[in-house]
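Just my_file_38.txt here, compact mmCIF, C-alpha atoms:
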# COMPACT_ATOMS: atom_id res chain seq x y z
CA MET P 1 58.45 18.55 -16.00
CA ARG P 2 56.37 20.43 -13.40
CA LYS P 3 54.33 18.49 -10.88
CA ASN P 4 51.19 20.53 -10.04
CA LYS P 5 49.11 19.30 -12.92
CA LYS P 6 46.02 18.76 -10.81
CA LYS P 7 44.26 21.88 -12.05
CA GLN P 8 44.89 21.12 -15.70
CA LYS P 9 43.58 17.64 -15.09
CA GLN P 10 40.35 18.82 -13.51
CA ASN P 11 39.56 20.83 -16.63
CA GLN P 12 40.11 17.80 -18.84
CA PRO P 13 37.06 16.80 -20.86
CA LYS P 14 35.88 13.22 -20.42
CA GLU P 15 35.76 12.21 -24.06
CA PHE P 16 36.15 13.82 -27.51
CA LEU P 17 34.12 11.25 -29.45
CA PRO P 18 30.73 12.96 -28.87
CA ALA P 19 32.12 16.12 -30.48
CA ILE P 20 32.76 14.33 -33.79
CA ARG P 21 29.47 12.42 -33.91
CA GLY P 22 27.70 13.17 -37.16
CA LEU P 23 30.87 14.22 -38.96
CA GLU P 24 32.43 12.25 -41.78
CA VAL P 25 35.13 10.04 -40.24
CA LYS P 26 37.84 7.64 -41.27
CA ILE P 27 38.53 5.15 -38.48
CA TYR P 28 41.91 3.40 -38.35
CA LEU P 29 41.68 0.05 -36.58
CA ARG P 30 44.46 -1.95 -34.86
CA ASN P 31 44.09 -4.66 -37.52
CA GLY P 32 45.06 -2.22 -40.26
CA GLU P 33 41.53 -1.73 -41.61
CA GLU P 34 40.18 1.73 -42.36
CA ILE P 35 36.45 2.31 -42.03
CA LYS P 36 34.85 5.36 -43.63
CA GLY P 37 31.49 6.54 -42.37
CA GLU P 38 29.73 8.50 -39.65
CA ILE P 39 29.55 7.90 -35.89
CA LEU P 40 25.88 7.40 -35.00
CA SER P 41 26.11 6.67 -31.29
CA ILE P 42 28.57 6.13 -28.49
CA SER P 43 28.52 3.92 -25.40
CA THR P 44 31.12 3.45 -22.70
CA TYR P 45 33.28 1.01 -24.70
CA GLU P 46 31.71 0.94 -28.19
CA ILE P 47 30.58 3.13 -31.06
CA ILE P 48 28.00 2.51 -33.79
CA VAL P 49 29.22 3.62 -37.20
CA LYS P 50 27.22 3.92 -40.42
CA THR P 51 29.68 3.08 -43.15
CA LYS P 52 29.78 4.79 -46.55
CA GLU P 53 28.19 1.62 -47.93
CA GLY P 54 25.22 2.09 -45.60
CA LYS P 55 26.06 -0.73 -43.13
CA ASP P 56 25.87 -0.24 -39.36
CA LEU P 57 28.88 -1.62 -37.45
CA LEU P 58 29.46 -1.96 -33.72
CA ILE P 59 33.13 -1.06 -33.18
CA PHE P 60 34.94 -1.47 -29.87
CA LYS P 61 36.94 1.63 -28.85
CA HIS P 62 39.83 -0.63 -27.79
CA ALA P 63 40.25 -1.64 -31.44
CA ILE P 64 40.58 1.94 -32.71
CA ASP P 65 44.01 3.50 -33.17
CA PHE P 66 42.93 6.94 -34.36
CA ILE P 67 40.15 8.78 -36.18
CA ASP P 68 40.43 11.34 -38.94
CA TYR P 69 37.35 13.59 -39.08
CA PHE P 70 35.98 16.02 -41.65
CA GLN P 71 33.16 18.51 -42.00
CA LYS P 72 30.53 16.88 -44.21
CA THR P 73 30.65 18.10 -47.79
CA MET L 74 36.23 21.31 -29.82
CA ARG L 75 33.66 22.46 -27.20
CA LYS L 76 34.12 21.47 -23.58
CA ASN L 77 30.65 21.06 -22.00
CA LYS L 78 30.16 17.49 -23.05
CA LYS L 79 28.89 16.41 -19.64
CA LYS L 80 25.24 16.37 -20.69
CA GLN L 81 25.87 14.33 -23.81
CA LYS L 82 27.89 11.91 -21.71
CA GLN L 83 25.14 11.39 -19.14
CA ASN L 84 22.80 10.27 -21.89
CA GLN L 85 25.31 7.76 -23.17
CA PRO L 86 24.05 4.18 -23.11
CA LYS L 87 26.19 1.69 -21.22
CA GLU L 88 26.55 -0.92 -23.93
CA PHE L 89 25.17 -1.65 -27.42
CA LEU L 90 25.77 -5.42 -27.39
CA PRO L 91 22.41 -6.29 -25.73
CA ALA L 92 20.61 -4.52 -28.58
CA ILE L 93 22.09 -6.90 -31.17
CA ARG L 94 21.57 -10.09 -29.18
CA GLY L 95 19.58 -12.56 -31.25
CA LEU L 96 20.52 -10.96 -34.56
CA GLU L 97 22.74 -12.60 -37.12
CA VAL L 98 26.28 -11.28 -36.54
CA LYS L 99 29.72 -11.47 -38.07
CA ILE L 100 32.37 -10.91 -35.41
CA TYR L 101 35.82 -9.68 -36.46
CA LEU L 102 38.50 -10.74 -33.96
CA ARG L 103 41.93 -9.16 -33.34
CA ASN L 104 43.59 -12.34 -34.66
CA GLY L 105 41.98 -11.86 -38.07
CA GLU L 106 39.32 -14.55 -37.63
CA GLU L 107 35.69 -13.87 -38.53
CA ILE L 108 33.00 -15.74 -36.61
CA LYS L 109 29.45 -15.91 -37.98
CA GLY L 110 26.61 -16.69 -35.63
CA GLU L 111 24.25 -15.24 -33.05
CA ILE L 112 24.99 -13.64 -29.66
CA LEU L 113 23.23 -15.76 -27.02
CA SER L 114 24.31 -14.00 -23.83
CA ILE L 115 26.51 -11.23 -22.54
CA SER L 116 28.53 -10.83 -19.35
CA THR L 117 30.77 -7.97 -18.22
CA TYR L 118 33.80 -9.06 -20.27
CA GLU L 119 32.55 -11.98 -22.41
CA ILE L 120 29.85 -13.03 -24.85
CA ILE L 121 28.49 -16.48 -25.71
CA VAL L 122 28.02 -16.95 -29.45
CA LYS L 123 26.25 -19.78 -31.26
CA THR L 124 28.14 -20.18 -34.50
CA LYS L 125 26.52 -20.99 -37.84
CA GLU L 126 27.92 -24.52 -37.39
CA GLY L 127 25.95 -24.87 -34.13
CA LYS L 128 28.92 -24.57 -31.74
CA ASP L 129 28.81 -22.36 -28.60
CA LEU L 130 31.92 -20.20 -28.10
CA LEU L 131 32.91 -18.00 -25.18
CA ILE L 132 34.49 -14.90 -26.73
CA PHE L 133 36.25 -12.18 -24.72
CA LYS L 134 35.12 -8.67 -25.67
CA HIS L 135 38.77 -7.52 -25.56
CA ALA L 136 39.47 -9.80 -28.54
CA ILE L 137 36.72 -8.29 -30.72
CA ASP L 138 37.54 -5.50 -33.17
CA PHE L 139 34.05 -4.92 -34.57
CA ILE L 140 30.73 -6.63 -35.23
CA ASP L 141 28.61 -6.53 -38.36
CA TYR L 142 24.95 -7.28 -37.59
CA PHE L 143 21.95 -8.18 -39.74
CA GLN L 144 18.23 -8.77 -39.34
CA LYS L 145 17.72 -12.53 -39.48
CA THR L 146 16.51 -13.70 -42.88
CA MET S 147 19.10 1.34 -31.30
CA ARG S 148 16.95 1.85 -28.17
CA LYS S 149 18.42 3.56 -25.14
CA ASN S 150 16.78 2.04 -22.01
CA LYS S 151 19.14 -0.88 -21.71
CA LYS S 152 19.59 -0.46 -17.97
CA LYS S 153 17.28 -3.33 -17.07
CA GLN S 154 18.93 -5.76 -19.46
CA LYS S 155 22.28 -4.75 -18.05
CA GLN S 156 21.28 -5.38 -14.44
CA ASN S 157 20.40 -8.96 -15.33
CA GLN S 158 23.78 -9.49 -16.95
CA PRO S 159 25.81 -12.26 -15.35
CA LYS S 160 29.27 -11.26 -14.14
CA GLU S 161 31.29 -13.95 -15.88
CA PHE S 162 30.67 -17.12 -17.94
CA LEU S 163 34.00 -18.82 -17.18
CA PRO S 164 32.81 -20.53 -13.96
CA ALA S 165 30.04 -22.22 -15.96
CA ILE S 166 32.55 -24.02 -18.19
CA ARG S 167 34.96 -25.05 -15.41
CA GLY S 168 35.46 -28.79 -15.52
CA LEU S 169 34.45 -29.10 -19.17
CA GLU S 170 36.86 -30.01 -21.94
CA VAL S 171 38.04 -26.73 -23.51
CA LYS S 172 40.14 -25.49 -26.38
CA ILE S 173 41.57 -22.07 -25.59
CA TYR S 174 42.61 -19.78 -28.45
CA LEU S 175 45.31 -17.32 -27.37
CA ARG S 176 46.22 -13.95 -28.93
CA ASN S 177 49.60 -15.39 -29.98
CA GLY S 178 47.91 -17.98 -32.17
CA GLU S 179 48.44 -20.92 -29.81
CA GLU S 180 45.61 -23.31 -29.00
CA ILE S 181 45.63 -25.01 -25.60
CA LYS S 182 43.47 -28.08 -24.99
CA GLY S 183 42.58 -29.04 -21.47
CA GLU S 184 40.25 -28.31 -18.56
CA ILE S 185 39.78 -25.12 -16.51
CA LEU S 186 40.63 -25.98 -12.89
CA SER S 187 40.21 -22.60 -11.22
CA ILE S 188 39.51 -18.97 -11.95
CA SER S 189 40.74 -15.74 -10.35
CA THR S 190 39.98 -12.14 -11.25
CA TYR S 191 42.47 -11.95 -14.13
CA GLU S 192 43.79 -15.51 -14.53
CA ILE S 193 42.73 -19.11 -15.00
CA ILE S 194 44.53 -22.36 -14.14
CA VAL S 195 44.25 -24.94 -16.91
CA LYS S 196 45.21 -28.61 -16.81
CA THR S 197 46.38 -29.40 -20.32
CA LYS S 198 45.69 -32.68 -22.12
CA GLU S 199 49.37 -33.51 -21.47
CA GLY S 200 48.77 -33.18 -17.71
CA LYS S 201 50.56 -29.85 -17.21
CA ASP S 202 49.08 -27.01 -15.14
CA LEU S 203 49.32 -23.56 -16.78
CA LEU S 204 48.49 -20.13 -15.40
CA ILE S 205 46.86 -18.25 -18.29
CA PHE S 206 45.99 -14.55 -18.19
CA LYS S 207 42.44 -13.82 -19.38
CA HIS S 208 43.77 -10.82 -21.33
CA ALA S 209 45.70 -13.27 -23.55
CA ILE S 210 42.62 -15.33 -24.48
CA ASP S 211 40.67 -14.59 -27.64
CA PHE S 212 37.96 -17.23 -27.30
CA ILE S 213 37.22 -20.63 -25.80
CA ASP S 214 35.53 -23.59 -27.41
CA TYR S 215 33.98 -25.92 -24.81
CA PHE S 216 32.66 -29.47 -24.92
CA GLN S 217 30.91 -31.93 -22.65
CA LYS S 218 33.56 -34.42 -21.52
CA THR S 219 33.44 -37.68 -23.44
CA MET R 220 24.25 -21.35 -19.14
CA ARG R 221 22.80 -20.70 -15.65
CA LYS R 222 22.67 -17.17 -14.26
CA ASN R 223 23.15 -17.38 -10.47
CA LYS R 224 26.94 -17.37 -10.55
CA LYS R 225 27.27 -14.82 -7.76
CA LYS R 226 28.19 -17.37 -5.12
CA GLN R 227 30.87 -19.00 -7.22
CA LYS R 228 32.28 -15.57 -7.94
CA GLN R 229 32.51 -14.62 -4.26
CA ASN R 230 34.69 -17.65 -3.62
CA GLN R 231 37.04 -16.69 -6.44
CA PRO R 232 40.61 -16.08 -5.33
CA LYS R 233 42.06 -12.70 -6.24
CA GLU R 234 45.22 -13.86 -7.95
CA PHE R 235 47.14 -17.13 -8.52
CA LEU R 236 50.58 -15.56 -9.04
CA PRO R 237 51.52 -15.53 -5.31
CA ALA R 238 50.97 -19.30 -5.19
CA ILE R 239 53.69 -19.91 -7.79
CA ARG R 240 56.24 -17.47 -6.35
CA GLY R 241 59.49 -19.28 -5.69
CA LEU R 242 58.76 -22.07 -8.16
CA GLU R 243 60.66 -22.57 -11.38
CA VAL R 244 58.65 -20.85 -14.13
CA LYS R 245 58.67 -20.40 -17.88
CA ILE R 246 56.92 -17.17 -18.82
CA TYR R 247 55.48 -16.79 -22.32
CA LEU R 248 55.30 -13.13 -23.39
CA ARG R 249 53.04 -11.53 -26.01
CA ASN R 250 56.13 -10.77 -28.14
CA GLY R 251 56.92 -14.47 -28.47
CA GLU R 252 59.79 -14.47 -25.96
CA GLU R 253 60.04 -17.15 -23.28
CA ILE R 254 61.71 -16.24 -19.99
CA LYS R 255 62.87 -18.98 -17.64
CA GLY R 256 63.44 -18.19 -13.99
CA GLU R 257 61.73 -17.64 -10.66
CA ILE R 258 59.14 -15.07 -9.57
CA LEU R 259 60.68 -13.04 -6.73
CA SER R 260 57.94 -10.52 -6.05
CA ILE R 261 54.57 -9.34 -7.29
CA SER R 262 52.95 -5.90 -7.41
CA THR R 263 49.55 -4.88 -8.75
CA TYR R 264 50.63 -4.76 -12.40
CA GLU R 265 54.21 -6.13 -12.43
CA ILE R 266 56.36 -9.04 -11.33
CA ILE R 267 60.09 -9.25 -10.62
CA VAL R 268 61.68 -12.36 -12.11
CA LYS R 269 65.17 -13.73 -11.51
CA THR R 270 66.15 -15.36 -14.78
CA LYS R 271 68.13 -18.57 -15.09
CA GLU R 272 71.08 -16.37 -16.10
CA GLY R 273 70.84 -14.53 -12.75
CA LYS R 274 69.35 -11.27 -14.10
CA ASP R 275 66.42 -9.51 -12.41
CA LEU R 276 63.70 -8.34 -14.81
CA LEU R 277 60.62 -6.21 -14.18
CA ILE R 278 57.87 -7.75 -16.30
CA PHE R 279 54.43 -6.19 -16.80
CA LYS R 280 51.58 -8.66 -16.28
CA HIS R 281 49.82 -7.23 -19.36
CA ALA R 282 52.71 -8.57 -21.47
CA ILE R 283 52.37 -12.15 -20.20
CA ASP R 284 50.29 -14.68 -22.12
CA PHE R 285 50.74 -17.67 -19.81
CA ILE R 286 53.12 -19.22 -17.30
CA ASP R 287 54.27 -22.80 -17.04
CA TYR R 288 55.40 -23.68 -13.49
CA PHE R 289 57.37 -26.55 -11.98
CA GLN R 290 58.46 -27.78 -8.59
CA LYS R 291 62.16 -26.90 -8.25
CA THR R 292 64.42 -29.84 -8.93
CA MET M 293 63.64 -4.17 -3.69
CA ARG M 294 62.27 -2.22 -0.70
CA LYS M 295 58.59 -2.37 0.14
CA ASN M 296 57.59 1.02 1.63
CA LYS M 297 56.94 2.74 -1.67
CA LYS M 298 53.70 4.32 -0.50
CA LYS M 299 55.19 7.76 -0.02
CA GLN M 300 56.86 7.83 -3.43
CA LYS M 301 53.56 6.78 -4.93
CA GLN M 302 51.58 9.55 -3.27
CA ASN M 303 53.85 12.13 -4.87
CA GLN M 304 53.35 10.60 -8.31
CA PRO M 305 51.83 12.99 -10.84
CA LYS M 306 48.65 11.80 -12.53
CA GLU M 307 49.69 12.31 -16.12
CA PHE M 308 52.62 13.83 -18.09
CA LEU M 309 50.71 14.50 -21.32
CA PRO M 310 49.43 17.96 -20.25
CA ALA M 311 53.06 19.06 -19.74
CA ILE M 312 53.91 18.45 -23.41
CA ARG M 313 50.75 20.01 -24.86
CA GLY M 314 51.71 22.69 -27.35
CA LEU M 315 55.17 21.26 -27.98
CA GLU M 316 56.23 19.69 -31.23
CA VAL M 317 55.74 15.91 -30.88
CA LYS M 318 56.37 12.73 -32.77
CA ILE M 319 53.88 10.05 -31.72
CA TYR M 320 54.78 6.40 -32.23
CA LEU M 321 51.66 4.23 -32.59
CA ARG M 322 51.28 0.48 -31.95
CA ASN M 323 50.62 -0.03 -35.68
CA GLY M 324 54.07 1.29 -36.56
CA GLU M 325 52.87 4.70 -37.78
CA GLU M 326 54.60 7.89 -36.65
CA ILE M 327 52.53 11.06 -36.44
CA LYS M 328 54.25 14.45 -36.26
CA GLY M 329 52.36 17.42 -34.92
CA GLU M 330 51.20 19.15 -31.76
CA ILE M 331 48.90 17.95 -28.97
CA LEU M 332 45.92 20.33 -28.85
CA SER M 333 43.81 18.75 -26.13
CA ILE M 334 43.63 15.76 -23.84
CA SER M 335 40.71 13.74 -22.47
CA THR M 336 40.70 10.72 -20.21
CA TYR M 337 41.44 8.21 -22.98
CA GLU M 338 42.13 10.33 -26.09
CA ILE M 339 44.20 13.20 -27.41
CA ILE M 340 43.55 15.63 -30.28
CA VAL M 341 46.64 16.19 -32.41
CA LYS M 342 47.15 18.79 -35.13
CA THR M 343 49.45 17.13 -37.63
CA LYS M 344 52.23 18.89 -39.53
CA GLU M 345 49.92 18.75 -42.57
CA GLY M 346 47.28 20.72 -40.66
CA LYS M 347 44.84 17.84 -40.02
CA ASP M 348 43.21 17.25 -36.64
CA LEU M 349 43.25 13.61 -35.50
CA LEU M 350 41.59 11.96 -32.50
CA ILE M 351 44.14 9.43 -31.20
CA PHE M 352 43.39 6.90 -28.48
CA LYS M 353 46.06 6.78 -25.75
CA HIS M 354 45.87 2.96 -25.80
CA ALA M 355 47.26 3.04 -29.36
CA ILE M 356 50.32 5.11 -28.45
CA ASP M 357 53.63 3.42 -27.63
CA PHE M 358 55.71 6.50 -26.89
CA ILE M 359 56.05 10.19 -27.68
CA ASP M 360 59.17 12.12 -28.57
CA TYR M 361 58.78 15.85 -27.76
CA PHE M 362 60.72 18.96 -28.74
CA GLN M 363 60.69 22.66 -27.96
CA LYS M 364 59.12 24.41 -30.96
CA THR M 365 61.67 25.92 -33.28
CA MET F 366 46.53 -24.23 -5.29
CA ARG F 367 45.49 -22.87 -1.88
CA LYS F 368 42.76 -20.27 -1.60
CA ASN F 369 43.58 -18.02 1.40
CA LYS F 370 45.83 -15.65 -0.49
CA LYS F 371 44.29 -12.51 1.03
CA LYS F 372 47.14 -11.91 3.45
CA GLN F 373 49.85 -12.26 0.83
CA LYS F 374 47.91 -9.85 -1.35
CA GLN F 375 47.68 -7.18 1.34
CA ASN F 376 51.46 -7.13 1.63
CA GLN F 377 51.83 -6.66 -2.11
CA PRO F 378 53.63 -3.46 -3.07
CA LYS F 379 51.75 -1.17 -5.44
CA GLU F 380 54.44 -0.73 -8.06
CA PHE F 381 58.12 -1.66 -8.59
CA LEU F 382 58.93 1.10 -11.10
CA PRO F 383 59.84 3.73 -8.45
CA ALA F 384 62.49 1.36 -7.09
CA ILE F 385 64.38 1.32 -10.40
CA ARG F 386 64.14 5.06 -11.08
CA GLY F 387 67.62 6.46 -11.60
CA LEU F 388 69.13 3.11 -12.56
CA GLU F 389 70.36 2.28 -16.02
CA VAL F 390 67.51 0.48 -17.83
CA LYS F 391 66.79 -1.28 -21.08
CA ILE F 392 63.08 -1.09 -21.89
CA TYR F 393 61.56 -3.70 -24.21
CA LEU F 394 58.47 -2.36 -26.00
CA ARG F 395 55.58 -4.31 -27.53
CA ASN F 396 56.64 -3.09 -30.99
CA GLY F 397 60.02 -4.83 -30.66
CA GLU F 398 62.01 -1.66 -29.95
CA GLU F 399 64.52 -1.54 -27.11
CA ILE F 400 65.16 1.80 -25.42
CA LYS F 401 68.26 2.28 -23.28
CA GLY F 402 68.33 5.05 -20.73
CA GLU F 403 67.20 6.09 -17.27
CA ILE F 404 63.69 6.48 -15.81
CA LEU F 405 63.33 10.12 -14.72
CA SER F 406 59.74 10.16 -13.51
CA ILE F 407 56.63 8.03 -13.24
CA SER F 408 52.92 8.84 -13.48
CA THR F 409 49.92 6.56 -13.23
CA TYR F 410 50.11 5.32 -16.84
CA GLU F 411 53.37 6.79 -18.21
CA ILE F 412 57.08 7.12 -17.55
CA ILE F 413 59.59 9.75 -18.70
CA VAL F 414 62.87 8.21 -19.87
CA LYS F 415 66.13 9.98 -20.68
CA THR F 416 67.68 7.91 -23.44
CA LYS F 417 71.39 7.22 -23.79
CA GLU F 418 71.36 9.76 -26.64
CA GLY F 419 70.08 12.43 -24.24
CA LYS F 420 66.47 12.57 -25.52
CA ASP F 421 63.48 12.62 -23.16
CA LEU F 422 60.66 10.26 -24.17
CA LEU F 423 57.17 9.83 -22.73
CA ILE F 424 56.50 6.09 -22.76
CA PHE F 425 53.12 4.53 -21.94
CA LYS F 426 53.38 1.65 -19.47
CA HIS F 427 50.87 -0.34 -21.58
CA ALA F 428 53.49 -0.42 -24.37
CA ILE F 429 56.22 -1.92 -22.19
CA ASP F 430 56.77 -5.69 -22.11
CA PHE F 431 59.63 -5.81 -19.60
CA ILE F 432 62.54 -3.81 -18.23
CA ASP F 433 66.10 -4.94 -17.62
CA TYR F 434 67.81 -2.79 -14.96
CA PHE F 435 71.41 -2.32 -13.88
CA GLN F 436 73.37 -0.49 -11.24
CA LYS F 437 74.95 2.51 -12.94
CA THR F 438 78.57 1.95 -13.83

Write the structure described by the file as structure tokens, please.
Amino acid sequence: MRKNKKKQKQNQPKEFLPAIRGLEVKIYLRNGEEIKGEILSISTYEIIVKTKEGKDLLIFKHAIDFIDYFQKT
Amino acid sequence: MRKNKKKQKQNQPKEFLPAIRGLEVKIYLRNGEEIKGEILSISTYEIIVKTKEGKDLLIFKHAIDFIDYFQKT
Amino acid sequence: MRKNKKKQKQNQPKEFLPAIRGLEVKIYLRNGEEIKGEILSISTYEIIVKTKEGKDLLIFKHAIDFIDYFQKT
Amino acid sequence: MRKNKKKQKQNQPKEFLPAIRGLEVKIYLRNGEEIKGEILSISTYEIIVKTKEGKDLLIFKHAIDFIDYFQKT
Amino acid sequence: MRKNKKKQKQNQPKEFLPAIRGLEVKIYLRNGEEIKGEILSISTYEIIVKTKEGKDLLIFKHAIDFIDYFQKT
Amino acid sequence: MRKNKKKQKQNQPKEFLPAIRGLEVKIYLRNGEEIKGEILSISTYEIIVKTKEGKDLLIFKHAIDFIDYFQKT
């Protein structure tokens, strides 16, 4: 495992979430729930998601395990 | 996934919680509990919630998975 | 969801825990335990609680889900 | 809930763990385990504990829920 | 346990994830799921993984327990 | 509980992990798994472990509950 990773690190983007805003997403939470919808907005520690059922939810990033994203169809 | 996300990031709001203060909320905690009430105040790591039963609770943000919010009716 | 939340944020208190020090509390932990007692002191990441049984406990804030607090009777 | 908590905050100690170093402790972990022993040393995110069985363990603070402490007998 | 660890610390690399980008990985999540694929990109708190099934997933680092990595075959 | 802990704190080492690098370890993870091996290297949030079976694993520190360590025999 090489040690001069500084350069790679400096090119690291800050956050991928803004790149999937507006796409169809399936959000897997730490409690086992899966939320389908669209990411409307993003703050430092939270996101606002419009669910398929038309509800807005404030979700904390710390509660998200991973996100599956799709081009809208 | 494009890399120049810096601009988007700079426009990111700090926190959405203040925008739902005073609304009717349903808070989903990491322990599976759901707390219905109203967010009275917000600190860096905590919120104070008045529950439907009229109790004030100090809830740590780290314990919250997501929040459903409604216009008061 | 409006974006100029900076002002609201600047008025945000740092922490609510000091305001409930000395009150009767019921602390709900992430492991499901409930600890009844009184908050004696507060550090950056911990609190010292005197339980109803007269024991002092050092509790990490990260382990607390929420706190119910009461005026002493 | 009053808002001028700044002064209280400034008097807040950084960490209570050093004050219970050397005492007999019972450490309750997030996985349900209880470790009996004595805190030997403390770093930013870890502690070294000598267990009752004479083993040294490196425990991460993030894994600790709370600590019961006793004067050695 | 010696105390002058400052030098060792200064030589510490920031992050090992960039060194396994492009390799075949098996990611073990806190929810018990195992995701097989390849790490495509890395941000401060997230990674993008192309799964064996050809799906891109945004995974939060906080949800990862450990990663098994292999030279591609 | 005395309040002038500043001095103790300043003498606190940053991290104990480097002191057990190279020793035989048993790592207890938050998911209940136990990994036996040797810590090869340490970054800010991760460690690389060579398991007894000869596999290298990237383990996130946040997933570790505690580590039992032994002099190699």

Can you provide chain S as a compact mmCIF listing (two decimals) with C-alpha atoms, in the frame of the given file, superposed onto chain R by least squares across all C-alpha atoms matched in order?
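Everything below was put into superposed.txt:
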# COMPACT_ATOMS: atom_id res chain seq x y z
CA MET S 147 24.25 -21.36 -19.10
CA ARG S 148 22.84 -20.74 -15.60
CA LYS S 149 22.69 -17.22 -14.23
CA ASN S 150 23.19 -17.40 -10.42
CA LYS S 151 26.96 -17.38 -10.52
CA LYS S 152 27.27 -14.83 -7.73
CA LYS S 153 28.20 -17.40 -5.09
CA GLN S 154 30.89 -19.01 -7.23
CA LYS S 155 32.28 -15.57 -7.93
CA GLN S 156 32.52 -14.60 -4.27
CA ASN S 157 34.70 -17.63 -3.63
CA GLN S 158 37.03 -16.67 -6.46
CA PRO S 159 40.60 -16.07 -5.35
CA LYS S 160 42.04 -12.68 -6.27
CA GLU S 161 45.22 -13.85 -7.97
CA PHE S 162 47.13 -17.12 -8.54
CA LEU S 163 50.58 -15.56 -9.05
CA PRO S 164 51.51 -15.52 -5.33
CA ALA S 165 50.95 -19.29 -5.21
CA ILE S 166 53.68 -19.92 -7.80
CA ARG S 167 56.23 -17.47 -6.36
CA GLY S 168 59.46 -19.30 -5.68
CA LEU S 169 58.73 -22.08 -8.16
CA GLU S 170 60.65 -22.57 -11.39
CA VAL S 171 58.64 -20.85 -14.15
CA LYS S 172 58.66 -20.39 -17.88
CA ILE S 173 56.93 -17.16 -18.83
CA TYR S 174 55.48 -16.78 -22.33
CA LEU S 175 55.30 -13.13 -23.39
CA ARG S 176 53.06 -11.52 -26.04
CA ASN S 177 56.15 -10.76 -28.15
CA GLY S 178 56.94 -14.46 -28.47
CA GLU S 179 59.80 -14.48 -25.96
CA GLU S 180 60.03 -17.16 -23.29
CA ILE S 181 61.72 -16.25 -20.00
CA LYS S 182 62.87 -18.99 -17.63
CA GLY S 183 63.42 -18.18 -14.00
CA GLU S 184 61.71 -17.66 -10.65
CA ILE S 185 59.12 -15.07 -9.57
CA LEU S 186 60.67 -13.05 -6.73
CA SER S 187 57.92 -10.53 -6.04
CA ILE S 188 54.57 -9.34 -7.29
CA SER S 189 52.94 -5.90 -7.41
CA THR S 190 49.56 -4.86 -8.77
CA TYR S 191 50.65 -4.75 -12.42
CA GLU S 192 54.21 -6.12 -12.43
CA ILE S 193 56.35 -9.05 -11.34
CA ILE S 194 60.09 -9.26 -10.62
CA VAL S 195 61.67 -12.37 -12.10
CA LYS S 196 65.15 -13.76 -11.49
CA THR S 197 66.14 -15.36 -14.77
CA LYS S 198 68.12 -18.60 -15.06
CA GLU S 199 71.08 -16.39 -16.06
CA GLY S 200 70.83 -14.55 -12.72
CA LYS S 201 69.35 -11.30 -14.06
CA ASP S 202 66.42 -9.52 -12.39
CA LEU S 203 63.70 -8.34 -14.80
CA LEU S 204 60.63 -6.20 -14.17
CA ILE S 205 57.87 -7.75 -16.31
CA PHE S 206 54.44 -6.18 -16.80
CA LYS S 207 51.58 -8.65 -16.29
CA HIS S 208 49.85 -7.20 -19.36
CA ALA S 209 52.73 -8.55 -21.48
CA ILE S 210 52.38 -12.14 -20.22
CA ASP S 211 50.30 -14.67 -22.12
CA PHE S 212 50.75 -17.66 -19.83
CA ILE S 213 53.12 -19.21 -17.31
CA ASP S 214 54.25 -22.80 -17.04
CA TYR S 215 55.39 -23.66 -13.50
CA PHE S 216 57.37 -26.53 -12.00
CA GLN S 217 58.45 -27.77 -8.60
CA LYS S 218 62.14 -26.88 -8.26
CA THR S 219 64.44 -29.81 -8.93

Margin query: Need the shell around Ile267 (chain R): protein/DNA/RNA residues with any atom at most 8 Å away, counting all atoms listed in the file. Skip same-chain ones fewer than 4 positions apart. Format as number ranges by chain?
Written below: R: 258-261, 275-278

Item checked: Minimum-distance residue to Glu325 (chain M), chosen among M:Ala355, M:Arg313, M:Gly346, M:Glu338 (using all atoms listed in the file) -> M:Ala355

Item checked: All residues 10 Å or closer to Gly314 (chain M), all atoms listed in the file, same chain fewer than 5 positions away omitted, as a ChimeraX atom specification -> /M:329-333,341-342,361-364

Report, as lines of an AutoDock Vina configuration file, the axis-aligned box around all atoms of region 248-267 of chain R present in the file, extended by 3 Å on each side; give centre and edge lengths in Å to one decimal place.
center_x = 56.5
center_y = -11.9
center_z = -17.3
size_x = 19.9
size_y = 20.2
size_z = 28.4
